[in-house]
Amino acid sequence: MTGARGHRRPGAAATAAVLCAVTAAGLYGCSGSGPSEPRPTPTPTPAPTTPPAGTSPLTGLPARSGPVLAVKIDNVPPARPHTGLTAADLVYVEQVESGQTRLMAVYSARTPELVGPVRSARESDLALLRQFGRPVLAYSGAQSALTPLLKAAPLHLVSEGTTPGAFLRDPARSAPHNLYLRPARALAAAPDATHAKDIGFRFGAAPQGGEPVNSRTVSFPAVRYTFTWAPAAKAWHVAMDGRADGPLAPATVVVQHITVRSSRFHDFLGAVSPYSVTTGSGTAEVLRDGRAYPARWSRPDADRGTAFTTPAGAPLNFAPGQVWVLLTGTR
């Protein structure tokens with residue numbers, strides 16, 4: 001189940017190859033409420049510019065204006081290889097329990113026939129998604145204590161419970177790593193979802209300087225990502241835990257150093273769910289065109305996007321194309 005196509009509903013062959021099913025009971029319990037996230041002190045942000053008409057604000061490439069669909073994707077080894085990631089405009093990597101990671105793939109310019117495997121939402125998703133307005137969030141479910149927060153957030157929620165026809169299961173894979181989303185059906189269930197808008201990214205010529213880099217490995221407690229520069233493709237080939245995951249090839253990779261703290265929730269085994277703080281400011285590294293550039297990031301509040309600048313404060317342009325943002329603990 002690899003590859004991506006345009007805006008088409010899955011064909012009969014794809015439908016016959018999988019079985020629809022409804023997710024069983026959720027896997028997560030909850031803990032008591034903890035302290036709320038402190039409101040960060042606003043920091044100066046470069047003046048925004050309007051992307052040229054007909055250009056995606058998420059990739060810098062020519063694109064139509066389309067609604068935003070965010071999909072939570074499983075990323076433990078049994079969930080690989082993934083389906084539909086190559087069509088994403090933007091991919092976030094978030095830390096979850098036991099040092100593992102989940103992916104949040106964001107689509108707008110184009111959508112594949114299938115995306116997955118789909119997994120559950122986390123508290124960190126609420127603040128991260130606010131910058132998109134009111135997007136669609138497709139996920140497998142959430143622990144009971146988090147569900148009221150998801151329902152109160154500016155999101156169009158799409159799960160097996162709300163939109164069962166938007167999901168199907170692959171009988172060749174074991175649960176819970178076998179749930180896949182039909183993006184066209186998910187978007188049809190939310191016709192007024194917010195279209196892609198400026199979230200702070202700037203695209204264009206590379207800044208001066210930078211360090212030549214053939215590959216860069218970014219480690220989470222239990223997962224490592226290696227990005228290897230491919231000059232012919234003008235992109236970074238992606239490997240997870242030493243193995244390539246299909247033809248993934250972002251043009252820009254952002255290693256964003258953030259605070260990862262304990263959230264108010266834990267999984268069914270009692271492991272506390274990490275919370276990735278994506279507001280405030282900090283340091284980052286931007287990989288593009290075979291070079292690494294030191295950067296700063298600033299996001300004054302959850303309703304705004306994130307600005308990336310050089311250490312001197314000038315906007316730091318990304319290379320046009322798919323962007324990966326790895327939300328790693330502050331060094």
# chains A, B, ... in the order shown; residues from 1 in each chain; ligands from 1
>>> residues_around(residues="Gln95 in chain A", least_positions_apart="4", cutoff="8 Å", atoms="only C-alpha atoms", output="mmCIF file with C-alpha atoms, in the first residue's frame")
data_model
loop_
_atom_site.group_PDB
_atom_site.id
_atom_site.type_symbol
_atom_site.label_atom_id
_atom_site.label_comp_id
_atom_site.auth_asym_id
_atom_site.auth_seq_id
_atom_site.Cartn_x
_atom_site.Cartn_y
_atom_site.Cartn_z
ATOM 1 C CA GLY A 99 10.558 7.626 23.516
ATOM 2 C CA GLN A 100 8.739 6.567 20.344
ATOM 3 C CA THR A 101 7.461 9.037 17.739
ATOM 4 C CA ARG A 102 4.287 9.695 15.784
ATOM 5 C CA PHE A 220 14.738 10.663 19.796
ATOM 6 C CA PRO A 274 5.060 13.751 26.631
ATOM 7 C CA SER A 276 5.754 19.109 22.986
ATOM 8 C CA LEU A 327 10.185 18.554 17.267
ATOM 9 C CA THR A 328 13.096 17.479 19.455
#
>>> residues_around(residues="Thr194 in chain A", least_positions_apart="4", cutoff="10 Å", atoms="only C-alpha atoms", output="NGL selection string")
:A and (66-69 or 108 or 132-136 or 155-156 or 190)
>>> atom_distance(atom1="CA of Phe318 in chain A", atom2="CA of Val118 in chain A")
28.2 Å
>>> closest_residue(among="A:Ser124, A:Ser98, A:Asn214, A:Thr55", to="Val277 in chain A", atoms="only C-alpha atoms")
A:Ser124
>>> closest_residue(among="A:Ala319, A:Val254, A:Val272, A:Val223", to="Ala307 in chain A", atoms="only C-alpha atoms")
A:Val254
>>> residues_around(residues="Leu150 in chain A", least_positions_apart="3", cutoff="12 Å", atoms="only C-alpha atoms", output="ChimeraX atom specification")
/A:120-127,129-130,136-139,141-147,153-159
>>> closest_residue(among="A:Ala193, A:His177, A:Thr279, A:Leu149", to="Ala70 in chain A", atoms="only C-alpha atoms")
A:Ala193
>>> atom_distance(atom1="CA of Pro117 in chain A", atom2="CA of Asp74 in chain A")
5.6 Å
>>> atom_distance(atom1="CA of Asn317 in chain A", atom2="CA of Ile199 in chain A")
13.3 Å
>>> closest_residue(among="A:Gly313, A:Pro221, A:Pro112, A:Gly200", to="Gln131 in chain A", atoms="only C-alpha atoms")
A:Gly200
>>> residues_around(residues="Ala235 in chain A", least_positions_apart="3", cutoff="6 Å", atoms="only C-alpha atoms", output="short mmCIF file (atom, residue, chain, number, x, y, z; two decimals) with C-alpha atoms, in the first residue's frame")
data_model
loop_
_atom_site.label_atom_id
_atom_site.label_comp_id
_atom_site.auth_asym_id
_atom_site.auth_seq_id
_atom_site.Cartn_x
_atom_site.Cartn_y
_atom_site.Cartn_z
CA ALA A 230 20.61 13.32 -2.85
CA ALA A 249 12.42 12.94 -0.07
CA PRO A 250 11.73 16.29 1.61
CA ALA A 251 13.41 19.36 0.16
#
>>> decode(residues="range 142-170 of chain A", atoms="C-alpha atoms", output="PDB file, in the first residue's frame")
ATOM      1  CA  ALA A 142      -7.980   9.278  21.888  1.00  0.00           C
ATOM      2  CA  GLN A 143      -8.125   8.494  25.566  1.00  0.00           C
ATOM      3  CA  SER A 144     -11.389   9.479  27.207  1.00  0.00           C
ATOM      4  CA  ALA A 145      -9.970  12.411  29.183  1.00  0.00           C
ATOM      5  CA  LEU A 146      -8.529  14.028  26.042  1.00  0.00           C
ATOM      6  CA  THR A 147     -11.697  13.677  23.968  1.00  0.00           C
ATOM      7  CA  PRO A 148     -13.486  16.729  25.473  1.00  0.00           C
ATOM      8  CA  LEU A 149     -10.450  18.898  24.676  1.00  0.00           C
ATOM      9  CA  LEU A 150     -10.425  17.674  21.075  1.00  0.00           C
ATOM     10  CA  LYS A 151     -14.144  18.377  20.704  1.00  0.00           C
ATOM     11  CA  ALA A 152     -13.713  21.892  22.110  1.00  0.00           C
ATOM     12  CA  ALA A 153     -10.789  22.700  19.778  1.00  0.00           C
ATOM     13  CA  PRO A 154     -11.221  24.435  16.385  1.00  0.00           C
ATOM     14  CA  LEU A 155     -10.997  21.137  14.504  1.00  0.00           C
ATOM     15  CA  HIS A 156     -13.121  19.014  12.196  1.00  0.00           C
ATOM     16  CA  LEU A 157     -12.644  15.614  13.835  1.00  0.00           C
ATOM     17  CA  VAL A 158     -12.673  12.535  11.607  1.00  0.00           C
ATOM     18  CA  SER A 159     -12.384   9.115  13.242  1.00  0.00           C
ATOM     19  CA  GLU A 160     -13.931   5.690  12.804  1.00  0.00           C
ATOM     20  CA  GLY A 161     -16.538   6.725  15.343  1.00  0.00           C
ATOM     21  CA  THR A 162     -17.589   9.879  13.471  1.00  0.00           C
ATOM     22  CA  THR A 163     -16.919   8.947   9.834  1.00  0.00           C
ATOM     23  CA  PRO A 164     -16.529   5.166   9.480  1.00  0.00           C
ATOM     24  CA  GLY A 165     -16.731   5.287   5.684  1.00  0.00           C
ATOM     25  CA  ALA A 166     -13.499   7.284   5.570  1.00  0.00           C
ATOM     26  CA  PHE A 167     -11.461   4.386   6.967  1.00  0.00           C
ATOM     27  CA  LEU A 168     -10.567   0.840   6.018  1.00  0.00           C
ATOM     28  CA  ARG A 169      -8.317  -1.887   7.353  1.00  0.00           C
ATOM     29  CA  ASP A 170      -5.570  -3.876   5.660  1.00  0.00           C
TER      30      ASP A 170
END
